[in-house]
$ cat coords-v4.txt   # compact mmCIF, C-alpha atoms
# COMPACT_ATOMS: atom_id res chain seq x y z
CA MET A 63 -10.32 -11.43 27.86
CA SER A 64 -11.95 -14.50 26.40
CA SER A 65 -10.80 -16.15 23.22
CA ILE A 66 -12.46 -15.34 19.92
CA HIS A 67 -14.27 -18.08 18.03
CA VAL A 68 -13.57 -17.91 14.30
CA THR A 69 -15.12 -19.91 11.47
CA SER A 70 -13.17 -19.82 8.24
CA ALA A 71 -11.99 -22.02 5.39
CA VAL A 72 -8.44 -23.09 4.65
CA ASN A 73 -7.75 -24.45 1.17
CA GLY A 74 -11.48 -24.98 0.75
CA ASP A 75 -11.94 -26.97 3.96
CA PRO A 76 -14.07 -25.42 6.72
CA VAL A 77 -12.12 -24.76 9.91
CA GLU A 78 -13.03 -23.43 13.32
CA PHE A 79 -10.57 -22.14 15.85
CA LEU A 80 -10.30 -20.15 19.04
CA CYS A 81 -7.68 -17.40 19.11
CA GLU A 82 -6.60 -14.55 21.33
CA PRO A 83 -7.30 -11.06 19.97
CA GLU A 84 -3.57 -10.29 19.60
CA GLU A 85 -2.77 -13.41 17.58
CA THR A 86 -1.85 -13.06 13.93
CA LEU A 87 -3.24 -15.35 11.27
CA LEU A 88 0.29 -16.73 10.95
CA ASP A 89 0.24 -17.74 14.64
CA VAL A 90 -3.17 -19.33 14.13
CA LEU A 91 -2.14 -21.31 11.05
CA ARG A 92 1.05 -22.63 12.62
CA ASP A 93 0.20 -22.99 16.30
CA ARG A 94 -3.55 -23.61 16.37
CA LEU A 95 -4.18 -25.40 13.07
CA GLY A 96 -0.81 -27.19 12.85
CA MET A 97 -0.26 -25.94 9.29
CA THR A 98 3.44 -25.20 9.47
CA GLY A 99 4.01 -24.90 5.72
CA THR A 100 3.55 -21.15 6.07
CA LYS A 101 6.84 -19.91 7.52
CA GLU A 102 7.66 -17.09 9.88
CA GLY A 103 10.62 -15.03 8.71
CA CYS A 104 10.57 -11.41 9.83
CA GLY A 105 7.07 -11.14 11.29
CA THR A 106 6.84 -7.58 9.94
CA GLY A 107 5.76 -8.01 6.33
CA ASP A 108 9.23 -7.57 4.85
CA CYS A 109 10.24 -11.10 3.80
CA GLY A 110 7.16 -12.79 2.32
CA ALA A 111 7.88 -16.19 3.93
CA CYS A 112 4.32 -16.22 5.34
CA SER A 113 2.63 -15.42 2.00
CA ILE A 114 -0.92 -16.75 1.82
CA THR A 115 -4.06 -15.73 -0.01
CA LEU A 116 -7.00 -14.16 1.82
CA ASP A 117 -10.17 -14.19 -0.28
CA GLY A 118 -7.84 -14.74 -3.25
CA ARG A 119 -5.59 -11.77 -2.48
CA LEU A 120 -1.87 -12.34 -1.82
CA VAL A 121 -0.97 -11.08 1.67
CA CYS A 122 1.50 -11.71 4.50
CA ALA A 123 -0.17 -13.81 7.20
CA CYS A 124 1.95 -12.02 9.83
CA LEU A 125 0.14 -8.76 9.00
CA VAL A 126 -3.36 -10.23 9.36
CA MET A 127 -5.03 -10.77 12.72
CA GLY A 128 -6.43 -14.24 13.30
CA ALA A 129 -9.83 -12.82 14.18
CA GLU A 130 -9.99 -11.07 10.80
CA ALA A 131 -10.30 -14.47 9.12
CA GLU A 132 -13.96 -14.90 10.16
CA GLY A 133 -15.85 -15.98 7.05
CA ARG A 134 -12.80 -15.53 4.81
CA GLN A 135 -11.21 -17.99 2.40
CA ILE A 136 -7.57 -18.70 3.25
CA GLY A 137 -5.17 -20.30 0.76
CA THR A 138 -1.87 -21.78 1.97
CA ILE A 139 0.99 -23.84 0.56
CA GLU A 140 -0.71 -27.00 1.89
CA GLY A 141 -3.41 -26.47 -0.74
CA MET A 142 -1.02 -26.21 -3.67
CA ALA A 143 -0.36 -29.84 -4.59
CA ASP A 144 -3.26 -32.04 -5.65
CA GLY A 145 -2.77 -35.01 -3.33
CA GLU A 146 0.53 -36.59 -4.39
CA THR A 147 0.65 -34.57 -7.60
CA LEU A 148 2.77 -31.47 -7.28
CA HIS A 149 1.65 -28.16 -8.77
CA PRO A 150 3.62 -27.28 -11.95
CA LEU A 151 5.44 -24.53 -10.03
CA GLN A 152 6.53 -27.01 -7.38
CA LYS A 153 7.86 -29.38 -10.07
CA LYS A 154 9.76 -26.58 -11.79
CA PHE A 155 11.28 -25.36 -8.52
CA LEU A 156 12.70 -28.88 -8.09
CA GLU A 157 13.87 -29.11 -11.73
CA HIS A 158 15.59 -25.74 -11.58
CA ALA A 159 16.95 -26.29 -8.05
CA ALA A 160 15.22 -23.04 -7.16
CA LEU A 161 15.63 -23.64 -3.45
CA GLN A 162 18.34 -24.43 -0.99
CA CYS A 163 17.37 -24.17 2.67
CA GLY A 164 13.69 -24.00 1.74
CA ILE A 165 12.40 -21.54 4.33
CA CYS A 166 11.37 -18.99 1.71
CA THR A 167 10.03 -21.58 -0.74
CA PRO A 168 6.39 -21.87 0.39
CA GLY A 169 6.08 -18.09 0.25
CA PHE A 170 7.62 -17.90 -3.21
CA LEU A 171 5.36 -20.68 -4.48
CA VAL A 172 2.17 -19.12 -3.11
CA ALA A 173 3.18 -15.69 -4.46
CA ALA A 174 4.17 -17.08 -7.88
CA LYS A 175 0.92 -19.04 -8.17
CA SER A 176 -1.00 -15.86 -7.40
CA LEU A 177 0.93 -14.03 -10.15
CA LEU A 178 0.30 -16.69 -12.79
CA GLU A 179 -3.42 -16.75 -11.98
CA LYS A 180 -3.54 -13.02 -12.60
CA ASN A 181 -1.05 -12.87 -15.44
CA PRO A 182 -0.29 -16.15 -17.26
CA ASP A 183 2.30 -14.47 -19.51
CA PRO A 184 4.44 -12.23 -17.31
CA THR A 185 7.68 -10.63 -18.45
CA GLU A 186 10.79 -11.30 -16.40
CA GLU A 187 10.51 -7.76 -15.07
CA GLU A 188 6.92 -8.38 -13.97
CA VAL A 189 7.95 -11.59 -12.20
CA ARG A 190 10.80 -9.81 -10.43
CA TYR A 191 8.57 -6.94 -9.26
CA TRP A 192 5.75 -9.27 -8.18
CA LEU A 193 8.19 -11.36 -6.12
CA ALA A 194 10.18 -8.39 -4.76
CA GLY A 195 8.52 -8.89 -1.38
CA ASN A 196 9.78 -12.47 -1.11
CA LEU A 197 13.32 -12.67 0.21
CA CYS A 198 15.68 -15.60 -0.32
CA ARG A 199 19.13 -15.59 1.23
CA CYS A 200 20.39 -18.71 -0.59
CA THR A 201 19.67 -18.86 -4.29
CA GLY A 202 20.32 -15.34 -5.50
CA TYR A 203 16.85 -15.39 -7.10
CA ASP A 204 17.90 -16.23 -10.64
CA LYS A 205 16.82 -19.87 -10.47
CA ILE A 206 13.53 -18.87 -8.87
CA ILE A 207 12.76 -16.38 -11.62
CA ARG A 208 13.69 -18.95 -14.30
CA ALA A 209 11.50 -21.59 -12.67
CA VAL A 210 8.52 -19.24 -12.64
CA MET A 211 9.07 -18.13 -16.25
CA ASP A 212 9.47 -21.77 -17.36
CA THR A 213 6.30 -22.81 -15.54
CA ALA A 214 4.34 -19.95 -17.10
CA GLU A 215 5.48 -21.02 -20.56
CA ASP A 216 4.60 -24.68 -19.98
CA MET A 217 1.20 -23.79 -18.56
CA ARG A 218 0.45 -21.53 -21.53
CA LYS A 219 1.36 -24.36 -23.91
CA GLY A 220 -0.79 -26.76 -21.92
CA ASN A 221 2.25 -28.94 -21.22
CA VAL A 222 1.39 -29.50 -17.60
CA MET B 296 -6.84 -6.32 24.05
CA ARG B 297 -10.28 -6.50 22.44
CA PHE B 298 -10.92 -7.06 18.73
CA GLU B 299 -14.12 -5.81 17.14
CA ALA B 300 -15.29 -5.90 13.54
CA PRO B 301 -18.41 -3.72 13.30
CA GLU B 302 -20.49 -3.45 10.12
CA THR B 303 -21.36 0.25 10.25
CA VAL B 304 -19.37 3.46 10.58
CA GLU B 305 -21.56 4.49 13.52
CA ALA B 306 -20.76 1.31 15.40
CA ALA B 307 -17.03 1.73 14.69
CA VAL B 308 -17.05 5.29 16.00
CA ALA B 309 -19.03 4.27 19.10
CA LEU B 310 -16.45 1.57 19.84
CA LEU B 311 -13.46 3.87 19.28
CA ALA B 312 -14.99 6.72 21.28
CA GLY B 313 -16.22 4.47 24.09
CA GLU B 314 -12.89 2.77 24.80
CA ALA B 315 -11.30 4.17 27.95
CA GLY B 316 -7.82 3.01 26.92
CA THR B 317 -6.06 3.24 23.57
CA ALA B 318 -8.05 2.29 20.50
CA PHE B 319 -6.98 2.00 16.86
CA PRO B 320 -8.88 1.40 13.65
CA LEU B 321 -7.40 -1.48 11.62
CA SER B 322 -7.64 -1.23 7.86
CA GLY B 323 -4.60 -2.72 6.08
CA GLY B 324 -2.73 -3.37 9.32
CA THR B 325 0.64 -3.12 7.60
CA ASP B 326 1.80 -0.47 10.08
CA LEU B 327 -0.48 -1.24 13.03
CA LEU B 328 0.50 -4.90 13.40
CA VAL B 329 4.19 -4.07 13.04
CA GLN B 330 3.93 -1.43 15.76
CA MET B 331 2.03 -3.82 18.03
CA ARG B 332 4.65 -6.50 17.51
CA SER B 333 7.51 -4.11 18.27
CA GLY B 334 5.79 -3.02 21.47
CA ARG B 335 5.63 0.61 20.36
CA ILE B 336 1.89 0.50 20.90
CA ALA B 337 -0.27 -1.80 23.01
CA PRO B 338 -3.89 -1.09 22.06
CA ASP B 339 -6.74 -1.95 24.40
CA LEU B 340 -9.05 -2.10 21.39
CA VAL B 341 -8.57 -2.75 17.68
CA VAL B 342 -11.54 -2.04 15.39
CA ASP B 343 -11.38 -3.81 12.03
CA THR B 344 -12.95 -1.47 9.44
CA LYS B 345 -13.08 -3.95 6.57
CA ARG B 346 -16.59 -5.26 7.31
CA ILE B 347 -18.08 -1.80 6.76
CA PRO B 348 -19.29 -1.93 3.14
CA ALA B 349 -18.92 1.83 2.46
CA LEU B 350 -15.28 1.71 3.52
CA ARG B 351 -14.53 -0.95 0.87
CA GLU B 352 -15.92 1.12 -2.01
CA ILE B 353 -14.37 3.13 -4.81
CA ALA B 354 -17.21 5.34 -6.13
CA ARG B 355 -17.88 8.58 -7.99
CA GLU B 356 -18.85 11.53 -5.80
CA ALA B 357 -19.44 15.18 -6.75
CA GLY B 358 -17.73 14.68 -10.11
CA GLY B 359 -14.66 13.27 -8.38
CA TRP B 360 -13.92 10.06 -6.53
CA ARG B 361 -14.53 8.61 -3.10
CA ILE B 362 -12.05 5.97 -1.96
CA GLY B 363 -13.13 4.14 1.20
CA ALA B 364 -10.65 4.00 4.07
CA ALA B 365 -10.31 0.21 3.82
CA VAL B 366 -9.61 0.09 0.05
CA SER B 367 -6.17 -1.39 -0.62
CA GLY B 368 -3.56 -0.03 -3.00
CA ALA B 369 -3.99 -3.17 -5.11
CA GLU B 370 -7.72 -2.48 -5.45
CA ILE B 371 -6.97 1.10 -6.51
CA ASN B 372 -4.58 -0.14 -9.19
CA GLU B 373 -7.13 -2.68 -10.47
CA HIS B 374 -9.70 0.11 -11.00
CA ALA B 375 -8.95 1.17 -14.59
CA GLU B 376 -11.14 4.28 -14.57
CA LEU B 377 -9.64 5.61 -11.33
CA VAL B 378 -6.09 4.86 -12.54
CA ALA B 379 -6.82 6.76 -15.77
CA ALA B 380 -8.24 9.72 -13.83
CA TRP B 381 -5.53 9.95 -11.16
CA PRO B 382 -2.43 8.07 -12.34
CA GLY B 383 -0.24 9.78 -9.73
CA ILE B 384 -2.38 8.48 -6.86
CA ALA B 385 -2.32 4.99 -8.36
CA GLU B 386 1.46 4.95 -8.90
CA ALA B 387 2.07 6.19 -5.36
CA ALA B 388 -0.20 3.47 -3.92
CA ASN B 389 1.60 0.91 -6.08
CA LEU B 390 4.97 1.96 -4.62
CA VAL B 391 3.93 1.22 -1.04
CA GLY B 392 5.68 -2.02 -0.10
CA SER B 393 5.55 -5.37 -1.83
CA THR B 394 2.70 -7.04 -3.72
CA GLN B 395 1.68 -8.55 -0.38
CA VAL B 396 1.69 -5.19 1.42
CA ALA B 397 -0.12 -3.38 -1.42
CA GLY B 398 -2.80 -6.06 -1.12
CA ARG B 399 -3.66 -4.67 2.31
CA ALA B 400 -2.23 -1.17 2.75
CA THR B 401 -4.64 1.76 2.31
CA LEU B 402 -4.46 5.48 1.54
CA ALA B 403 -6.18 6.30 4.82
CA GLY B 404 -3.73 4.15 6.79
CA ASN B 405 -0.71 5.66 5.04
CA LEU B 406 -2.09 9.11 5.90
CA CYS B 407 -2.90 8.39 9.56
CA THR B 408 0.36 6.56 10.25
CA SER B 409 1.92 9.92 9.38
CA SER B 410 5.36 8.72 8.38
CA PRO B 411 7.36 11.56 6.81
CA ALA B 412 8.19 9.20 3.92
CA ALA B 413 4.61 8.07 3.18
CA ASP B 414 4.39 7.72 -0.61
CA THR B 415 0.70 8.31 -1.10
CA VAL B 416 0.55 11.50 0.98
CA PRO B 417 2.37 13.91 -1.40
CA ALA B 418 0.36 12.40 -4.26
CA MET B 419 -2.93 12.99 -2.42
CA VAL B 420 -1.91 16.51 -1.40
CA ALA B 421 -0.97 17.39 -5.00
CA ALA B 422 -4.33 16.04 -6.15
CA GLY B 423 -6.14 18.33 -3.71
CA ALA B 424 -7.60 15.37 -1.83
CA LEU B 425 -9.75 15.73 1.25
CA ALA B 426 -10.03 13.28 4.14
CA ARG B 427 -13.61 12.77 5.36
CA ILE B 428 -13.27 12.19 9.07
CA VAL B 429 -16.06 10.69 11.12
CA GLY B 430 -16.27 10.87 14.89
CA PRO B 431 -18.58 11.27 17.86
CA ALA B 432 -19.32 14.88 16.79
CA GLY B 433 -20.25 13.89 13.23
CA LYS B 434 -18.41 14.23 9.94
CA ARG B 435 -15.91 16.81 8.72
CA GLU B 436 -13.74 17.12 5.64
CA ILE B 437 -10.21 18.48 5.83
CA PRO B 438 -7.35 18.73 3.32
CA VAL B 439 -5.17 15.62 3.65
CA GLU B 440 -2.17 17.82 4.49
CA ASP B 441 -3.90 18.74 7.76
CA VAL B 442 -3.97 15.12 8.97
CA PRO B 443 -0.25 14.51 9.69
CA VAL B 444 1.00 16.95 12.33
CA GLY B 445 4.34 15.35 13.20
CA VAL B 446 6.35 12.15 12.83
CA GLN B 447 3.79 9.39 13.47
CA LYS B 448 1.30 11.92 14.88
CA ASN B 449 -2.02 12.84 13.31
CA SER B 450 -4.64 15.46 14.06
CA LEU B 451 -7.55 13.08 14.62
CA ALA B 452 -9.30 13.40 17.98
CA LYS B 453 -10.29 10.47 20.19
CA GLY B 454 -13.03 8.41 18.61
CA GLU B 455 -12.38 9.78 15.12
CA MET B 456 -11.37 7.79 12.07
CA VAL B 457 -11.01 8.44 8.35
CA GLU B 458 -14.10 7.26 6.49
CA CYS B 459 -12.79 7.95 2.98
CA ILE B 460 -10.45 9.96 0.82
CA LEU B 461 -12.14 12.36 -1.61
CA LEU B 462 -10.48 13.25 -4.91
CA PRO B 463 -11.94 16.36 -6.55
CA ALA B 464 -13.57 16.67 -9.96
CA LYS B 465 -10.77 16.91 -12.51
CA PRO B 466 -10.82 19.86 -14.95
CA ASP B 467 -10.07 19.14 -18.63
CA ARG B 468 -6.38 18.89 -19.55
CA SER B 469 -5.38 18.01 -15.98
CA SER B 470 -3.27 15.21 -14.63
CA ASP B 471 -0.88 14.23 -11.88
CA CYS B 472 2.31 12.30 -11.21
CA TYR B 473 4.19 10.91 -8.23
CA LEU B 474 7.89 10.12 -8.34
CA ARG B 475 10.14 8.98 -5.55
CA PHE B 476 13.83 8.28 -5.20
CA ILE B 477 15.05 5.22 -3.32
CA PRO B 478 18.53 3.69 -3.27
CA ARG B 479 17.30 0.55 -5.10
CA THR B 480 14.54 -0.31 -7.56
CA GLU B 481 11.94 -1.73 -5.15
CA MET B 482 11.06 -2.30 -1.52
CA ASP B 483 12.56 0.73 0.16
CA ILE B 484 11.45 3.93 1.84
CA ALA B 485 11.46 7.26 0.01
CA VAL B 486 14.59 9.40 0.22
CA VAL B 487 12.41 12.04 -1.44
CA GLY B 488 8.91 11.76 -2.89
CA CYS B 489 7.26 14.36 -5.09
CA GLY B 490 3.61 14.67 -6.11
CA VAL B 491 2.54 17.16 -8.77
CA SER B 492 -0.79 17.99 -10.38
CA VAL B 493 -1.24 20.44 -13.25
CA THR B 494 -4.02 21.87 -15.39
CA LEU B 495 -3.19 23.25 -18.84
CA ASP B 496 -5.14 25.54 -21.15
CA GLU B 497 -5.67 24.66 -24.80
CA GLY B 498 -2.39 26.31 -25.73
CA GLY B 499 -0.43 24.28 -23.18
CA THR B 500 0.03 27.03 -20.60
CA VAL B 501 -0.21 25.89 -16.98
CA THR B 502 -3.31 27.42 -15.37
CA ALA B 503 -3.24 25.59 -12.04
CA ALA B 504 -0.69 23.46 -10.22
CA LYS B 505 0.03 21.92 -6.85
CA VAL B 506 3.41 20.56 -5.76
CA ALA B 507 4.04 18.49 -2.62
CA LEU B 508 7.20 16.89 -1.25
CA GLY B 509 7.59 13.92 1.08
CA ALA B 510 10.54 12.76 3.23
CA VAL B 511 12.17 16.21 3.29
CA ALA B 512 10.55 17.41 6.55
CA PRO B 513 8.65 15.89 9.49
CA THR B 514 5.39 16.21 7.54
CA VAL B 515 4.44 16.65 3.88
CA VAL B 516 5.53 20.00 2.41
CA VAL B 517 3.25 21.96 0.08
CA VAL B 518 5.49 24.03 -2.21
CA GLU B 519 3.28 26.99 -3.06
CA ASP B 520 6.23 28.92 -4.57
CA GLY B 521 6.89 25.95 -6.84
CA ALA B 522 3.33 25.97 -8.12
CA GLN B 523 3.50 29.75 -8.66
CA ALA B 524 6.77 29.31 -10.57
CA ILE B 525 5.09 27.23 -13.25
CA ILE B 526 1.58 28.75 -13.39
CA GLY B 527 1.33 30.97 -16.48
CA THR B 528 4.26 29.22 -18.18
CA LYS B 529 4.55 26.50 -20.80
CA LEU B 530 7.10 24.73 -18.58
CA ASP B 531 10.11 26.23 -20.35
CA ASP B 532 13.55 25.72 -18.82
CA ALA B 533 13.38 28.93 -16.80
CA ALA B 534 10.08 27.88 -15.21
CA LEU B 535 11.39 24.40 -14.42
CA ASP B 536 14.56 25.92 -12.89
CA ALA B 537 12.41 28.18 -10.72
CA LEU B 538 10.27 25.18 -9.70
CA ALA B 539 13.38 23.19 -8.74
CA LYS B 540 14.80 26.11 -6.73
CA ALA B 541 11.50 26.60 -4.89
CA CYS B 542 11.41 22.88 -4.00
CA GLU B 543 15.02 22.97 -2.78
CA ALA B 544 14.23 26.01 -0.65
CA ALA B 545 11.21 24.26 0.90
CA CYS B 546 13.25 21.26 2.10
CA ASN B 547 14.07 20.74 5.75
CA PRO B 548 15.34 17.17 5.67
CA ILE B 549 17.43 14.95 7.93
CA ASP B 550 20.69 13.09 7.26
CA ASP B 551 20.30 9.35 7.44
CA LYS B 552 21.62 6.18 5.83
CA ARG B 553 19.44 6.73 2.77
CA GLY B 554 20.59 10.26 1.97
CA THR B 555 22.23 13.41 3.27
CA VAL B 556 20.52 16.78 3.66
CA GLU B 557 22.38 18.06 0.61
CA PHE B 558 21.44 15.05 -1.52
CA ARG B 559 17.78 15.07 -0.47
CA THR B 560 17.53 18.79 -1.23
CA GLU B 561 18.95 18.42 -4.73
CA VAL B 562 16.85 15.34 -5.48
CA ALA B 563 13.69 17.22 -4.45
CA GLY B 564 14.25 19.78 -7.20
CA THR B 565 15.12 17.12 -9.76
CA LEU B 566 12.07 14.98 -8.98
CA ALA B 567 9.74 18.00 -9.14
CA ARG B 568 11.12 18.93 -12.55
CA ARG B 569 10.61 15.38 -13.86
CA ALA B 570 7.20 14.88 -12.23
CA VAL B 571 5.73 18.08 -13.62
CA LYS B 572 6.83 17.15 -17.15
CA ILE B 573 5.17 13.74 -16.84
CA ALA B 574 2.00 15.27 -15.35
CA ALA B 575 1.86 17.81 -18.20
CA ASP B 576 2.34 15.09 -20.83
CA ARG B 577 -0.49 13.15 -19.25
CA ALA B 578 -2.66 16.27 -19.16
CA ARG B 579 -2.03 16.73 -22.90
CA GLY B 580 -2.89 13.09 -23.47
CA VAL B 581 0.62 12.39 -24.81
CA VAL B 582 1.19 9.45 -22.47
$ encode --input "coords-v4.txt" --output "structure tokens"
Amino acid sequence: MSSIHVTSAVNGDPVEFLCEPEETLLDVLRDRLGMTGTKEGCGTGDCGACSITLDGRLVCACLVMGAEAEGRQIGTIEGMADGETLHPLQKKFLEHAALQCGICTPGFLVAAKSLLEKNPDPTEEEVRYWLAGNLCRCTGYDKIIRAVMDTAEDMRKGNV
Amino acid sequence: MRFEAPETVEAAVALLAGEAGTAFPLSGGTDLLVQMRSGRIAPDLVVDTKRIPALREIAREAGGWRIGAAVSGAEINEHAELVAAWPGIAEAANLVGSTQVAGRATLAGNLCTSSPAADTVPAMVAAGALARIVGPAGKREIPVEDVPVGVQKNSLAKGEMVECILLPAKPDRSSDCYLRFIPRTEMDIAVVGCGVSVTLDEGGTVTAAKVALGAVAPTVVVVEDGAQAIIGTKLDDAALDALAKACEAACNPIDDKRGTVEFRTEVAGTLARRAVKIAADRARGVV
């Protein structure tokens, strides 16, 4: 079976790629486009390490087929910082030491950004539920939740 | 494997029916891709349904609602009017997986995957939902409880797919509720799930009800005796006790790491009792 030609956009930049029909969007991002910021954890939608946005919707890239991306807008961790300037969430994750090994971090950041775009003033409970599909085996979550809450507050005050 | 993304229902059916090997529709993909990865299935053809405009729609139909087979749980929960009309359907869809999974997973997919623990299935059954199935022989509408026929087995014939889920027109003073028990607060599979819908008269007496249980048998269980136990009552303690007993009697669960037979059976009665009270409060406009 011949490869499928897909035209899409990643972080606003047009991309074209060839993929096999079985390949997931996660495989495409990492292996075809060299964008390894999106991590593979479980590969079954349980851990959230491959969180991306697809037409603005938060999804797991491991549960999307590469060929589905035709004409879609993909958002990844590589699009989060503005050049050398980190996104407020990225700065707060560093300030709060909300990461240790770092494998889950891109997924948490993409998911948290998606939450704050939808709800700039979430309660702690809302943050915890929104991020329940992102697993971290190092931090125990508390620092992550505090970093997200702190970012939300700063962004609301216009401090960032 | 081939991947196709047709733009009409007719084209999708032609592809599914014309494939000599195994063919699957892909809507949310949250079960399909996992099963492909595990090697449980190896499709020759996957047909993405998300480029078919009608399958992406939530619309009014015949006084009720039509929810396209490719509509995600997140989209359902962002539709304020639908959430207000059928809160039990919305809360069940919201319980399926994480934010990421709810962004993709669909009612039709949850139904066709036919897991005994599917959250949205008891909610849809309680609501009296129909599945509109489209195939080479045309369209047909069947009660959602007739779609799952066993663990991970559905009644759809080759070439058929669900086009949409139909929720009926809702009488005045009616509402629904879905509750489930899991061993933690999020991200787990139902030990028991219970969907209830009720209609009350102006005096608060139950005039119609439907009760459905998930995860207590290979397929969803409609508890007709439970509905009969509360119809004609104002949900006094005796009626709720009879409802709980009927639900316990209807259970045929398994023992597993999430719960024993005895525990599942007792929880089924407890959830039904709680769910019907919430549904009745919603029907009265109290909550």
$ closest_residue --input "coords-v4.txt" --among "B:Ser450, B:Val486, B:Ala533, B:Thr528" --to "B:Ile549" --atoms "all atoms listed in the file"
B:Val486
$ closest_residue --input "coords-v4.txt" --among "B:Ala545, B:Leu461, B:Leu425, B:Met331" --to "B:Gly358" --atoms "all atoms listed in the file"
B:Leu461
$ interface_residues --input "coords-v4.txt" --of "chain A" --to "chain B" --cutoff "10 Å" --atoms "only C-alpha atoms" --output "NGL selection string"
:A and (63-66 or 82-84 or 86 or 105-110 or 112-116 or 119-127 or 129-130 or 132 or 173 or 177 or 190-196)
$ residues_around --input "coords-v4.txt" --residues "B:Ala357" --least-positions-apart "5" --cutoff "12 Å" --atoms "all atoms listed in the file" --output "VMD selection string"
chain B and resid 461 to 465
$ atom_distance --input "coords-v4.txt" --atom1 "atom CA of B:Ala510" --atom2 "atom CA of B:Ala403"
18.0 Å
$ atom_distance --input "coords-v4.txt" --atom1 "atom CA of A:Glu146" --atom2 "atom CA of A:Asn221"
18.6 Å
$ residues_around --input "coords-v4.txt" --residues "A:Ala143" --least-positions-apart "4" --cutoff "12 Å" --atoms "all atoms listed in the file" --output "PyMOL selection string"
chain A and resi 73+137-139+147-153+168+171-172+175
